[in-house]
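Q: Compact mmCIF, C-alpha atoms and all ligand atoms, saved as model-v4.txt, coming up:
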```txt
# COMPACT_ATOMS: atom_id res chain seq x y z
CA MET A 1 -10.33 -12.22 -27.19
CA LYS A 2 -6.78 -11.86 -28.52
CA ILE A 3 -4.53 -9.10 -27.20
CA GLN A 4 -3.95 -6.47 -29.88
CA SER A 5 -1.87 -3.93 -27.98
CA ALA A 6 -0.18 -3.40 -24.62
CA GLU A 7 0.93 0.19 -23.98
CA THR A 8 2.63 1.76 -21.00
CA ILE A 9 1.53 5.23 -19.93
CA VAL A 10 3.65 7.29 -17.53
CA THR A 11 1.94 10.32 -16.07
CA SER A 12 2.71 12.66 -13.19
CA PRO A 13 -0.35 14.54 -11.94
CA GLY A 14 1.51 15.69 -8.81
CA ARG A 15 3.29 12.33 -8.44
CA ASN A 16 4.43 9.65 -10.90
CA PHE A 17 2.26 6.72 -11.98
CA VAL A 18 2.94 3.89 -14.45
CA THR A 19 -0.11 2.29 -16.08
CA LEU A 20 -0.41 -0.59 -18.52
CA ARG A 21 -3.30 -0.53 -20.96
CA ILE A 22 -4.15 -3.75 -22.78
CA THR A 23 -6.58 -3.69 -25.71
CA THR A 24 -8.14 -6.78 -27.29
CA GLU A 25 -9.00 -7.29 -30.96
CA ASP A 26 -12.68 -6.92 -30.10
CA GLY A 27 -12.07 -3.49 -28.55
CA LEU A 28 -12.08 -4.20 -24.79
CA THR A 29 -9.48 -2.39 -22.73
CA GLY A 30 -8.02 -3.25 -19.35
CA LEU A 31 -5.84 -1.16 -17.02
CA GLY A 32 -3.08 -2.28 -14.67
CA ASP A 33 -1.05 -0.30 -12.12
CA ALA A 34 2.76 -0.76 -12.26
CA THR A 35 3.86 2.15 -10.06
CA LEU A 36 7.01 1.56 -7.98
CA ASN A 37 7.66 4.76 -6.06
CA GLY A 38 11.03 6.32 -6.98
CA ARG A 39 11.90 3.54 -9.47
CA GLU A 40 8.99 4.04 -11.89
CA LEU A 41 10.93 3.94 -15.17
CA ALA A 42 12.53 0.57 -14.39
CA VAL A 43 9.09 -1.08 -14.39
CA GLU A 44 7.98 0.92 -17.42
CA ALA A 45 11.01 -0.30 -19.40
CA TYR A 46 10.55 -3.90 -18.18
CA LEU A 47 6.94 -3.83 -19.39
CA ARG A 48 7.64 -2.02 -22.67
CA GLU A 49 10.74 -3.96 -23.68
CA HIS A 50 10.27 -7.43 -22.20
CA VAL A 51 6.58 -8.03 -21.49
CA ALA A 52 4.38 -6.13 -23.97
CA PRO A 53 5.88 -7.90 -27.03
CA LEU A 54 5.11 -11.30 -25.46
CA LEU A 55 1.47 -10.41 -24.91
CA LEU A 56 0.52 -9.60 -28.50
CA GLY A 57 -1.75 -12.27 -29.95
CA ARG A 58 -2.22 -14.10 -26.62
CA ASP A 59 -5.72 -14.99 -25.42
CA ALA A 60 -6.64 -12.25 -22.89
CA GLY A 61 -8.85 -14.72 -21.04
CA ARG A 62 -5.96 -16.99 -19.97
CA ILE A 63 -5.02 -15.06 -16.83
CA GLU A 64 -3.45 -17.84 -14.74
CA ASP A 65 -1.48 -19.15 -17.72
CA THR A 66 -0.20 -15.66 -18.56
CA TRP A 67 0.82 -15.12 -14.92
CA GLN A 68 2.84 -18.36 -14.87
CA TYR A 69 4.26 -17.63 -18.34
CA LEU A 70 5.63 -14.26 -17.16
CA TYR A 71 6.75 -15.51 -13.71
CA ARG A 72 8.27 -18.92 -14.47
CA GLY A 73 9.00 -18.10 -18.10
CA ALA A 74 11.40 -15.26 -17.27
CA TYR A 75 13.53 -17.65 -15.16
CA TRP A 76 14.39 -14.61 -12.92
CA ARG A 77 11.67 -14.66 -10.29
CA ARG A 78 10.28 -12.23 -7.74
CA GLY A 79 11.66 -8.77 -6.98
CA PRO A 80 9.72 -5.51 -6.93
CA VAL A 81 10.28 -4.60 -10.61
CA THR A 82 9.28 -8.01 -11.99
CA MET A 83 6.30 -8.40 -9.66
CA ALA A 84 4.96 -4.89 -10.33
CA ALA A 85 5.15 -5.59 -14.07
CA ILE A 86 3.34 -8.94 -13.71
CA ALA A 87 0.80 -7.24 -11.43
CA ALA A 88 -0.04 -4.68 -14.09
CA VAL A 89 -0.64 -7.38 -16.72
CA ASP A 90 -2.73 -9.42 -14.29
CA MET A 91 -4.91 -6.46 -13.22
CA ALA A 92 -5.49 -5.43 -16.83
CA LEU A 93 -6.53 -8.97 -17.80
CA TRP A 94 -8.94 -9.22 -14.84
CA ASP A 95 -10.35 -5.81 -15.83
CA ILE A 96 -10.97 -7.15 -19.35
CA LYS A 97 -12.46 -10.44 -18.17
CA ALA A 98 -14.88 -8.68 -15.81
CA LYS A 99 -15.87 -6.17 -18.49
CA ALA A 100 -16.49 -9.05 -20.93
CA ALA A 101 -18.70 -10.67 -18.27
CA GLY A 102 -20.50 -7.36 -17.67
CA MET A 103 -19.70 -7.63 -13.94
CA PRO A 104 -17.66 -5.76 -11.34
CA LEU A 105 -14.50 -7.76 -10.64
CA TYR A 106 -15.53 -8.68 -7.10
CA GLN A 107 -18.33 -10.82 -8.55
CA LEU A 108 -15.78 -12.98 -10.39
CA LEU A 109 -13.82 -13.32 -7.12
CA GLY A 110 -16.78 -14.91 -5.36
CA GLY A 111 -19.12 -11.96 -4.76
CA ALA A 112 -19.42 -9.57 -1.83
CA SER A 113 -18.67 -10.83 1.67
CA ARG A 114 -19.49 -7.45 3.30
CA ARG A 115 -21.19 -4.09 2.70
CA GLY A 116 -17.91 -2.27 2.28
CA ALA A 117 -14.27 -2.22 3.35
CA LEU A 118 -13.34 -0.41 6.58
CA ALA A 119 -10.73 2.19 5.62
CA TYR A 120 -8.10 3.92 7.71
CA GLY A 121 -6.79 7.40 7.03
CA HIS A 122 -3.51 9.09 7.92
CA ALA A 123 -3.59 11.65 10.71
CA SER A 124 -0.37 13.37 11.66
CA GLY A 125 0.92 16.37 13.55
CA ARG A 126 4.25 17.95 14.28
CA ASP A 127 3.09 18.07 17.91
CA VAL A 128 0.15 16.70 19.91
CA PRO A 129 -2.32 19.64 19.41
CA GLU A 130 -1.73 19.52 15.65
CA LEU A 131 -2.20 15.73 15.68
CA LEU A 132 -5.49 15.98 17.57
CA ASP A 133 -6.73 18.54 15.00
CA SER A 134 -5.71 16.21 12.20
CA ILE A 135 -7.60 13.30 13.79
CA ARG A 136 -10.71 15.52 14.11
CA ALA A 137 -10.38 16.51 10.45
CA HIS A 138 -10.20 12.83 9.43
CA LEU A 139 -13.25 11.96 11.52
CA ASP A 140 -15.06 14.82 9.73
CA LEU A 141 -14.05 13.30 6.39
CA GLY A 142 -15.82 10.11 7.45
CA TYR A 143 -12.92 7.93 8.59
CA ARG A 144 -13.70 5.41 11.32
CA ALA A 145 -10.12 4.19 11.82
CA ILE A 146 -7.03 6.39 12.02
CA ARG A 147 -3.29 5.94 11.63
CA VAL A 148 -1.39 8.16 14.06
CA GLN A 149 2.08 9.53 13.21
CA THR A 150 3.78 12.29 15.11
CA GLY A 151 6.75 14.63 15.07
CA ILE A 152 9.56 13.82 17.51
CA PRO A 153 11.12 16.61 19.60
CA GLY A 154 14.58 17.37 18.22
CA LEU A 155 13.98 15.89 14.75
CA ASP A 156 13.18 18.21 11.81
CA SER A 157 11.05 15.89 9.73
CA VAL A 158 9.70 12.47 10.51
CA TYR A 159 8.16 9.77 8.29
CA GLY A 160 4.40 10.14 7.97
CA VAL A 161 4.10 13.67 9.33
CA ALA A 162 2.78 16.34 6.95
CA SER A 163 5.04 19.39 6.93
CA SER A 164 2.34 22.07 7.22
CA PRO A 165 -1.00 20.43 7.89
CA ALA A 166 -2.81 23.08 9.84
CA GLY A 167 -1.43 26.11 8.01
CA GLY A 168 -1.64 26.54 4.25
CA GLY A 169 -2.25 22.85 3.49
CA GLU A 170 -5.73 22.16 2.16
CA ARG A 171 -5.53 18.59 3.47
CA TYR A 172 -3.60 16.65 6.10
CA ASP A 173 -1.78 14.52 3.56
CA TYR A 174 1.83 13.51 3.63
CA GLU A 175 3.69 12.74 0.40
CA PRO A 176 7.19 11.41 1.03
CA ALA A 177 8.53 11.28 -2.55
CA GLN A 178 10.01 14.62 -3.49
CA ARG A 179 10.74 15.85 -6.99
CA GLY A 180 14.37 16.54 -7.80
CA ALA A 181 17.55 14.88 -9.01
CA LEU A 182 18.56 13.61 -5.55
CA PRO A 183 16.62 12.16 -2.60
CA ALA A 184 16.05 14.41 0.40
CA GLU A 185 17.92 13.34 3.56
CA GLU A 186 16.30 13.05 6.97
CA THR A 187 17.77 12.55 10.44
CA TRP A 188 16.55 9.88 12.83
CA ASP A 189 16.95 9.01 16.51
CA THR A 190 15.21 5.80 17.63
CA ARG A 191 15.69 6.40 21.36
CA ALA A 192 13.98 9.82 21.11
CA TYR A 193 11.16 8.15 19.16
CA LEU A 194 10.69 5.39 21.75
CA ARG A 195 10.58 7.94 24.58
CA HIS A 196 7.98 10.09 22.82
CA VAL A 197 5.42 7.80 21.16
CA PRO A 198 3.65 6.20 24.18
CA GLY A 199 2.77 9.67 25.56
CA VAL A 200 1.27 10.61 22.21
CA PHE A 201 -1.07 7.61 22.28
CA GLU A 202 -1.94 8.41 25.89
CA ALA A 203 -3.05 11.90 24.74
CA VAL A 204 -5.01 10.54 21.76
CA ARG A 205 -6.90 7.99 23.87
CA ALA A 206 -7.60 10.66 26.51
CA GLU A 207 -9.16 12.87 23.82
CA PHE A 208 -11.00 10.32 21.66
CA GLY A 209 -11.79 7.49 24.08
CA PRO A 210 -11.23 3.74 23.87
CA GLU A 211 -13.25 2.77 20.78
CA LEU A 212 -11.61 4.49 17.80
CA PRO A 213 -9.30 1.99 16.01
CA LEU A 214 -5.78 3.49 16.06
CA LEU A 215 -2.86 2.31 13.94
CA HIS A 216 0.83 3.22 13.89
CA ASP A 217 3.65 2.70 11.36
CA GLY A 218 7.18 2.12 12.70
CA HIS A 219 8.50 2.21 9.10
CA HIS A 220 11.21 -0.45 9.56
CA ARG A 221 13.31 1.64 11.94
CA MET A 222 13.61 -0.43 15.11
CA THR A 223 15.71 -3.39 16.14
CA PRO A 224 13.66 -6.42 17.28
CA ILE A 225 14.19 -5.64 20.96
CA GLN A 226 13.29 -1.96 20.48
CA ALA A 227 10.14 -3.01 18.64
CA ALA A 228 9.27 -5.46 21.43
CA ARG A 229 9.63 -2.63 23.94
CA LEU A 230 7.42 -0.28 21.91
CA GLY A 231 4.75 -2.94 21.38
CA LYS A 232 4.68 -3.54 25.14
CA ALA A 233 4.57 0.18 25.96
CA LEU A 234 1.62 0.66 23.57
CA GLU A 235 -0.47 -2.23 24.96
CA PRO A 236 -2.55 0.05 27.25
CA TYR A 237 -3.69 2.04 24.17
CA ASP A 238 -5.08 -1.02 22.38
CA LEU A 239 -3.68 -0.44 18.89
CA PHE A 240 -5.37 -2.00 15.85
CA TRP A 241 -1.80 -2.69 14.67
CA LEU A 242 1.83 -1.73 14.89
CA GLU A 243 3.14 -1.77 11.32
CA ASP A 244 6.62 -2.49 9.95
CA ALA A 245 8.28 -2.49 13.36
CA THR A 246 11.52 -3.95 11.96
CA PRO A 247 13.10 -4.17 8.47
CA GLY A 248 10.91 -6.35 6.26
CA GLU A 249 13.48 -8.84 4.98
CA ASP A 250 14.20 -10.26 8.47
CA GLN A 251 11.26 -12.59 9.08
CA ALA A 252 12.84 -14.09 12.22
CA ALA A 253 12.81 -10.66 13.90
CA LEU A 254 9.05 -10.98 14.29
CA ARG A 255 9.55 -14.05 16.52
CA LEU A 256 11.33 -11.96 19.09
CA ILE A 257 8.75 -9.14 19.00
CA ARG A 258 5.91 -11.65 19.30
CA GLN A 259 7.42 -13.21 22.44
CA HIS A 260 7.15 -9.89 24.24
CA THR A 261 3.95 -8.16 23.20
CA THR A 262 0.28 -8.69 22.42
CA THR A 263 0.09 -5.54 20.27
CA PRO A 264 -1.10 -6.83 16.85
CA LEU A 265 1.59 -6.75 14.15
CA ALA A 266 1.33 -5.89 10.45
CA ILE A 267 4.07 -6.15 7.84
CA GLY A 268 4.60 -6.54 4.10
CA GLU A 269 4.33 -3.33 2.09
CA VAL A 270 7.82 -3.91 0.66
CA PHE A 271 7.25 -7.65 0.12
CA ASN A 272 6.47 -8.91 -3.36
CA SER A 273 5.75 -12.61 -3.04
CA VAL A 274 3.90 -15.18 -0.96
CA HIS A 275 7.35 -16.64 -0.22
CA ASP A 276 8.14 -13.54 1.88
CA TYR A 277 5.36 -14.63 4.25
CA THR A 278 5.73 -18.37 4.70
CA THR A 279 7.51 -18.22 8.10
CA LEU A 280 5.38 -15.31 9.29
CA LEU A 281 2.14 -17.14 8.50
CA SER A 282 2.98 -20.70 9.46
CA GLU A 283 4.41 -19.58 12.83
CA ARG A 284 1.58 -17.04 13.33
CA LEU A 285 4.03 -14.19 13.86
CA ILE A 286 1.84 -11.48 12.32
CA ASP A 287 -1.82 -10.46 12.33
CA TYR A 288 -2.13 -8.49 9.07
CA VAL A 289 -0.72 -8.83 5.55
CA ARG A 290 0.30 -5.39 4.23
CA SER A 291 1.15 -6.16 0.60
CA ALA A 292 -0.24 -4.12 -2.28
CA VAL A 293 -1.86 -5.79 -5.27
CA THR A 294 0.44 -3.57 -7.36
CA HIS A 295 3.68 -4.92 -5.86
CA THR A 296 2.78 -8.57 -5.34
CA GLY A 297 1.93 -9.85 -8.81
CA GLY A 298 -1.65 -8.63 -9.11
CA VAL A 299 -5.08 -9.97 -8.19
CA THR A 300 -4.18 -13.60 -8.97
CA ALA A 301 -1.19 -13.66 -6.60
CA MET A 302 -2.80 -11.53 -3.90
CA LYS A 303 -5.87 -13.79 -3.75
CA LYS A 304 -3.65 -16.85 -3.23
CA LEU A 305 -1.60 -15.03 -0.58
CA LEU A 306 -4.70 -13.89 1.31
CA ASP A 307 -6.27 -17.35 1.11
CA LEU A 308 -3.10 -18.81 2.64
CA ALA A 309 -3.13 -16.09 5.34
CA GLY A 310 -6.73 -17.03 6.14
CA VAL A 311 -5.66 -20.60 6.93
CA TYR A 312 -3.60 -19.16 9.81
CA GLY A 313 -6.22 -16.65 10.96
CA VAL A 314 -4.24 -13.71 9.54
CA LYS A 315 -6.21 -10.87 7.95
CA SER A 316 -5.70 -8.44 5.09
CA GLY A 317 -4.56 -4.84 5.51
CA MET A 318 -3.63 -3.91 1.98
CA HIS A 319 -1.22 -1.08 1.30
CA GLY A 320 -3.03 1.97 -0.07
CA PRO A 321 -0.89 5.12 0.01
CA THR A 322 -1.13 7.64 -2.86
CA ASP A 323 1.71 5.90 -4.71
CA ILE A 324 -0.70 3.04 -5.43
CA SER A 325 -2.61 4.47 -8.41
CA PRO A 326 -6.42 4.55 -8.45
CA VAL A 327 -6.19 1.43 -10.66
CA GLY A 328 -4.24 -0.47 -8.00
CA MET A 329 -6.58 0.88 -5.33
CA ALA A 330 -9.64 -0.35 -7.24
CA ALA A 331 -8.09 -3.82 -7.60
CA ALA A 332 -7.55 -3.90 -3.81
CA LEU A 333 -11.15 -2.85 -3.15
CA HIS A 334 -12.59 -5.69 -5.25
CA LEU A 335 -10.49 -8.16 -3.22
CA ASP A 336 -11.43 -6.42 0.06
CA LEU A 337 -15.09 -6.92 -0.72
CA ALA A 338 -14.79 -10.54 -1.81
CA ILE A 339 -12.35 -12.28 0.55
CA HIS A 340 -13.45 -13.70 3.89
CA ASN A 341 -10.41 -12.67 5.95
CA PHE A 342 -10.61 -8.93 5.27
CA GLY A 343 -9.11 -6.77 8.04
CA ILE A 344 -8.82 -3.13 6.97
CA GLN A 345 -7.86 -1.07 3.90
CA GLU A 346 -5.45 1.87 3.89
CA TYR A 347 -6.97 4.83 2.06
CA MET A 348 -5.13 8.14 1.72
CA ARG A 349 -7.32 9.67 -1.02
CA HIS A 350 -5.72 10.79 -4.28
CA SER A 351 -5.40 14.45 -5.20
CA PRO A 352 -8.02 16.07 -7.46
CA ARG A 353 -5.37 16.22 -10.24
CA THR A 354 -4.76 12.48 -10.02
CA LEU A 355 -8.50 11.87 -10.17
CA GLU A 356 -8.69 14.01 -13.32
CA VAL A 357 -6.35 11.51 -15.00
CA PHE A 358 -7.86 8.38 -13.43
CA GLU A 359 -11.65 8.60 -13.37
CA THR A 360 -12.79 6.35 -10.55
CA SER A 361 -16.15 4.93 -9.54
CA TYR A 362 -15.33 3.63 -6.04
CA THR A 363 -17.10 5.28 -3.13
CA PHE A 364 -16.27 6.13 0.51
CA GLU A 365 -19.25 6.42 2.84
CA GLU A 366 -19.54 6.09 6.60
CA GLY A 367 -15.95 4.91 6.82
CA LEU A 368 -16.44 2.13 4.25
CA LEU A 369 -14.99 1.87 0.75
CA HIS A 370 -16.92 0.13 -2.03
CA PRO A 371 -15.47 -0.63 -5.49
CA SER A 372 -18.84 0.13 -7.23
CA ASP A 373 -20.79 -2.10 -9.57
CA THR A 374 -19.22 -0.74 -12.75
CA PRO A 375 -18.10 -3.70 -14.90
CA GLY A 376 -14.36 -4.43 -14.59
CA LEU A 377 -12.17 -2.56 -12.11
CA GLY A 378 -14.27 0.59 -12.53
CA VAL A 379 -11.44 3.00 -13.45
CA THR A 380 -11.02 4.90 -16.75
CA LEU A 381 -7.78 6.53 -17.89
CA ASN A 382 -8.17 9.99 -19.42
CA THR A 383 -5.21 9.87 -21.82
CA GLU A 384 -5.42 13.56 -22.75
CA ALA A 385 -5.23 14.59 -19.11
CA ALA A 386 -2.42 12.04 -18.54
CA ALA A 387 -0.36 13.53 -21.38
CA ALA A 388 -0.56 16.98 -19.79
CA PHE A 389 1.50 15.71 -16.80
CA PRO A 390 4.87 14.33 -18.01
CA TYR A 391 7.17 12.21 -15.81
CA SER A 392 9.28 14.15 -13.37
CA ALA A 393 12.01 12.38 -11.32
CA ALA A 394 11.09 12.03 -7.65
CA TYR A 395 12.66 10.00 -4.87
CA LEU A 396 11.76 8.75 -1.42
CA PRO A 397 13.98 10.25 1.31
CA VAL A 398 17.15 8.66 2.65
CA ASN A 399 17.43 8.42 6.43
CA ARG A 400 20.54 8.95 8.55
CA LEU A 401 21.18 8.58 12.27
CA THR A 402 22.32 11.73 14.09
CA ASP A 403 25.98 10.70 13.55
CA GLY A 404 25.44 10.41 9.79
CA THR A 405 25.08 6.60 9.48
CA VAL A 406 22.57 5.57 6.81
CA HIS A 407 19.54 3.99 8.50
CA ASP A 408 16.30 2.33 7.32
CA TRP A 409 13.82 4.89 6.04
O1 LIG A 501 6.38 4.41 -1.38
C1 LIG A 501 6.53 4.29 -0.01
C2 LIG A 501 5.22 4.59 0.68
O2 LIG A 501 4.21 3.89 0.05
C3 LIG A 501 5.26 4.20 2.12
O3 LIG A 501 6.23 4.93 2.77
C4 LIG A 501 3.89 4.43 2.75
O4 LIG A 501 4.53 3.26 4.73
C5 LIG A 501 3.66 3.64 3.98
C6 LIG A 501 2.27 3.30 4.29
O5 LIG A 501 2.08 2.59 5.27
O6 LIG A 501 1.39 3.73 3.57
MG MG A 502 3.77 1.63 5.96
```
Take the structure in the file and give it back as structure tokens.
Ligand code: KDG
Ligand code: MG

A:
Amino acid sequence: MKIQSAETIVTSPGRNFVTLRITTEDGLTGLGDATLNGRELAVEAYLREHVAPLLLGRDAGRIEDTWQYLYRGAYWRRGPVTMAAIAAVDMALWDIKAKAAGMPLYQLLGGASRRGALAYGHASGRDVPELLDSIRAHLDLGYRAIRVQTGIPGLDSVYGVASSPAGGGERYDYEPAQRGALPAEETWDTRAYLRHVPGVFEAVRAEFGPELPLLHDGHHRMTPIQAARLGKALEPYDLFWLEDATPGEDQAALRLIRQHTTTPLAIGEVFNSVHDYTTLLSERLIDYVRSAVTHTGGVTAMKKLLDLAGVYGVKSGMHGPTDISPVGMAAALHLDLAIHNFGIQEYMRHSPRTLEVFETSYTFEEGLLHPSDTPGLGVTLNTEAAAAFPYSAAYLPVNRLTDGTVHDW
């Protein structure tokens, strides 16, 4: 099973995606997701110029060896660009191996540990009535766990809040990356946020009762002591998790938050290596690992990371916004089904245009995702449809405090 070609495909059916397609001499193909939101072409060039030429002629079955060859062999380790490129190769090789075996990938990872993966959706509203409508709409779509994000009085736009959900919007989705030559700029006020959020959860619990799992994303904006205060204030509302309370690179910050609150903590969507987690896991400072298969070196690396997390009783909560392509989502779902320490899976649902390009077989029923029993990852790339949507520059917003200081977004 020698590798004959490794091509990168950039497509933009509403948002940009980078995909690696590996083909073997005996005609099997595998897909890998290499999408890094707002920096897509850096990974595409890394793959095209520095990785694809090294793959030609290699045995497609040697997944661990190829992973180590690309990771240790480059000398320059870790980082989002490198790890997204390695992830794409790794996913594509697992796709090929599972297709060669005639099995869905989860079977090669140990088989199913559950019926399906509990998914959470994104509800948001510029104010409380709009938020409650959005939660109802998500319950109608079948979600059984809901992330709650809300507008803040005095701020024009806030992370995670759709700009016109109830009006013209056909769905309640929020897409932060905006097309254009420059990033949009947003204004932020943490004190206003801290004053407002507990009341929002009070209203949501009053309307929907105590059972519905509720999640919230702080999106790296608080200091440790602010995050500790929010975690404490939210304790009466029994959150499933508080995500990214503080900037991701400061692992010690979680120690301080942990000392003050029993609200469960999740972090890691901007991490790209198991080494980003060693303190957090060994000191039991978090409850959920938020990494994406796409940004953490693929199925091989994610499985090792989640196995290590399991040793410390920490569960998975893999990143699954729409900037993870359906290929990356499928890879996550196979892991979700197979690992023991599964927690929850983020699932935003891709747009119909994206699903025209990436034909998926995974299912969502009664709040549970299942990767399907299609051999491999279960995703096909429609290259004709992909070619109809060329790359278009798009950036995540930049955040500033009310006095103009650049802040974490
Ligand atoms: O590319 C950035 C998004 O993926 C991120 O802002 C989404 O925070 C996010 C989440 O929890 O899905
Ligand atoms: Mg997040």

Q: Need to verify the contact set: A:Asn16, 8 Å, all atoms listed in the file, exclusion of same-chain residues closer than 6 positions in sequence. Can you return it as a list in words?

A: Val10, Thr35, Asn37, Glu40, Asp323, Tyr391, Ser392 and Ala394 of chain A

Q: Take the residues from that selection and put them in a file with C-alpha atoms, as a PDB file, in the coordinates of the input.

A:
```
ATOM      1  CA  VAL A  10       3.650   7.290 -17.530  1.00  0.00           C
ATOM      2  CA  THR A  35       3.860   2.150 -10.060  1.00  0.00           C
ATOM      3  CA  ASN A  37       7.660   4.760  -6.060  1.00  0.00           C
ATOM      4  CA  GLU A  40       8.990   4.040 -11.890  1.00  0.00           C
ATOM      5  CA  ASP A 323       1.710   5.900  -4.710  1.00  0.00           C
ATOM      6  CA  TYR A 391       7.170  12.210 -15.810  1.00  0.00           C
ATOM      7  CA  SER A 392       9.280  14.150 -13.370  1.00  0.00           C
ATOM      8  CA  ALA A 394      11.090  12.030  -7.650  1.00  0.00           C
TER       9      ALA A 394
END
```

Q: Excluding stretch 135-147 of chain A and residues on its chain fewer than 5 positions from it, collect all residues at most 7 Å away from it, counting all atoms listed in the file, and give them as a ChimeraX atom specification.

A: /A:119-123,212-216,365-367

Q: Give me, please, the distance in Å between atom CA of A:Asn382 and atom CA of A:Leu355, quoted to one decimal.

A: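 Atom-to-atom, atom CA of A:Asn382 to atom CA of A:Leu355, that is 9.4 Å.
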
Q: Wanna dump the chain A-ligand LIG 501 (chain A) contacts at 9 Å for me, each residue with its shortest atom pair and the distance in Å to one decimal, counting all atoms listed in the file, ordered by chain and number, as CSV?

A:
```
residue,atom,partner,partner_atom,distance
A:Leu36,CA,A:LIG501,O1,7.2
A:Asn37,CA,A:LIG501,O1,4.9
A:Gly38,CA,A:LIG501,O1,7.5
A:His122,CA,A:LIG501,O6,8.5
A:Arg147,CA,A:LIG501,O5,9.0
A:Tyr159,CA,A:LIG501,O3,7.6
A:Gly160,CA,A:LIG501,O3,7.6
A:Glu175,CA,A:LIG501,C2,8.3
A:Pro176,CA,A:LIG501,O3,6.8
A:Ala177,CA,A:LIG501,O1,7.3
A:His216,CA,A:LIG501,O5,8.7
A:Asp217,CA,A:LIG501,O5,6.3
A:Gly218,CA,A:LIG501,O4,8.5
A:His219,CA,A:LIG501,O4,6.0
A:Glu243,CA,A:LIG501,O5,7.5
A:Asp244,CA,A:LIG501,O4,8.0
A:Glu269,CA,A:LIG501,O5,7.1
A:Val270,CA,A:LIG501,C1,8.3
A:Arg290,CA,A:LIG501,O5,8.2
A:His319,CA,A:LIG501,O6,5.9
A:Gly320,CA,A:LIG501,O6,6.0
A:Pro321,CA,A:LIG501,O6,4.5
A:Thr322,CA,A:LIG501,O2,7.1
A:Asp323,CA,A:LIG501,O2,5.7
A:Ile324,CA,A:LIG501,O2,7.4
A:Glu346,CA,A:LIG501,O6,7.1
A:Tyr347,CA,A:LIG501,O6,8.6
A:Met348,CA,A:LIG501,O6,8.1
A:Leu396,CA,A:LIG501,O1,6.9
A:Trp409,CA,A:LIG501,O3,8.3
```

Q: Between A:Tyr71, A:Arg284, A:Ala245, A:Pro375, which residue has the minimum interatomic distance to ligand MG 502 (chain A), considering only C-alpha atoms and all ligand atoms?

A: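 Between A:Tyr71, A:Arg284, A:Ala245, A:Pro375, the residue approaching ligand MG 502 (chain A) most closely is A:Ala245.
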
Q: Please list as a PDB file with C-alpha atoms, in the frame of the given file every residue within 12 Å of A:Ala42, counting only C-alpha atoms and excluding residues in the same chain fewer than 3 positions away.

A:
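This went into result.pdb:
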```pdb
ATOM      1  CA  THR A   8       2.630   1.760 -21.000  1.00  0.00           C
ATOM      2  CA  VAL A  10       3.650   7.290 -17.530  1.00  0.00           C
ATOM      3  CA  VAL A  18       2.940   3.890 -14.450  1.00  0.00           C
ATOM      4  CA  ALA A  34       2.760  -0.760 -12.260  1.00  0.00           C
ATOM      5  CA  THR A  35       3.860   2.150 -10.060  1.00  0.00           C
ATOM      6  CA  LEU A  36       7.010   1.560  -7.980  1.00  0.00           C
ATOM      7  CA  ASN A  37       7.660   4.760  -6.060  1.00  0.00           C
ATOM      8  CA  GLY A  38      11.030   6.320  -6.980  1.00  0.00           C
ATOM      9  CA  ARG A  39      11.900   3.540  -9.470  1.00  0.00           C
ATOM     10  CA  ALA A  45      11.010  -0.300 -19.400  1.00  0.00           C
ATOM     11  CA  TYR A  46      10.550  -3.900 -18.180  1.00  0.00           C
ATOM     12  CA  LEU A  47       6.940  -3.830 -19.390  1.00  0.00           C
ATOM     13  CA  ARG A  48       7.640  -2.020 -22.670  1.00  0.00           C
ATOM     14  CA  GLU A  49      10.740  -3.960 -23.680  1.00  0.00           C
ATOM     15  CA  HIS A  50      10.270  -7.430 -22.200  1.00  0.00           C
ATOM     16  CA  GLY A  79      11.660  -8.770  -6.980  1.00  0.00           C
ATOM     17  CA  PRO A  80       9.720  -5.510  -6.930  1.00  0.00           C
ATOM     18  CA  VAL A  81      10.280  -4.600 -10.610  1.00  0.00           C
ATOM     19  CA  THR A  82       9.280  -8.010 -11.990  1.00  0.00           C
ATOM     20  CA  MET A  83       6.300  -8.400  -9.660  1.00  0.00           C
ATOM     21  CA  ALA A  84       4.960  -4.890 -10.330  1.00  0.00           C
ATOM     22  CA  ALA A  85       5.150  -5.590 -14.070  1.00  0.00           C
TER      23      ALA A  85
END
```

Q: Please measure the separation of atom CA of A:Trp188 and atom CA of A:Val148, giving the value in Å to one decimal.

A: 18.1 Å

Q: List every protein, DNA or RNA residue with an atom no more than 12 Å from (-16.1, -14.7, -4.9) in the file's coordinates, counting only C-alpha atoms, and format the result as a CSV table (one decimal) with C-alpha atoms, in the frame of the given file.

A:
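File part_23.csv, as written:
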```
chain,number,residue,atom,x,y,z
A,104,PRO,CA,-17.7,-5.8,-11.3
A,105,LEU,CA,-14.5,-7.8,-10.6
A,106,TYR,CA,-15.5,-8.7,-7.1
A,107,GLN,CA,-18.3,-10.8,-8.6
A,108,LEU,CA,-15.8,-13.0,-10.4
A,109,LEU,CA,-13.8,-13.3,-7.1
A,110,GLY,CA,-16.8,-14.9,-5.4
A,111,GLY,CA,-19.1,-12.0,-4.8
A,112,ALA,CA,-19.4,-9.6,-1.8
A,113,SER,CA,-18.7,-10.8,1.7
A,114,ARG,CA,-19.5,-7.4,3.3
A,303,LYS,CA,-5.9,-13.8,-3.8
A,307,ASP,CA,-6.3,-17.4,1.1
A,334,HIS,CA,-12.6,-5.7,-5.2
A,335,LEU,CA,-10.5,-8.2,-3.2
A,336,ASP,CA,-11.4,-6.4,0.1
A,337,LEU,CA,-15.1,-6.9,-0.7
A,338,ALA,CA,-14.8,-10.5,-1.8
A,339,ILE,CA,-12.4,-12.3,0.6
A,340,HIS,CA,-13.4,-13.7,3.9
```
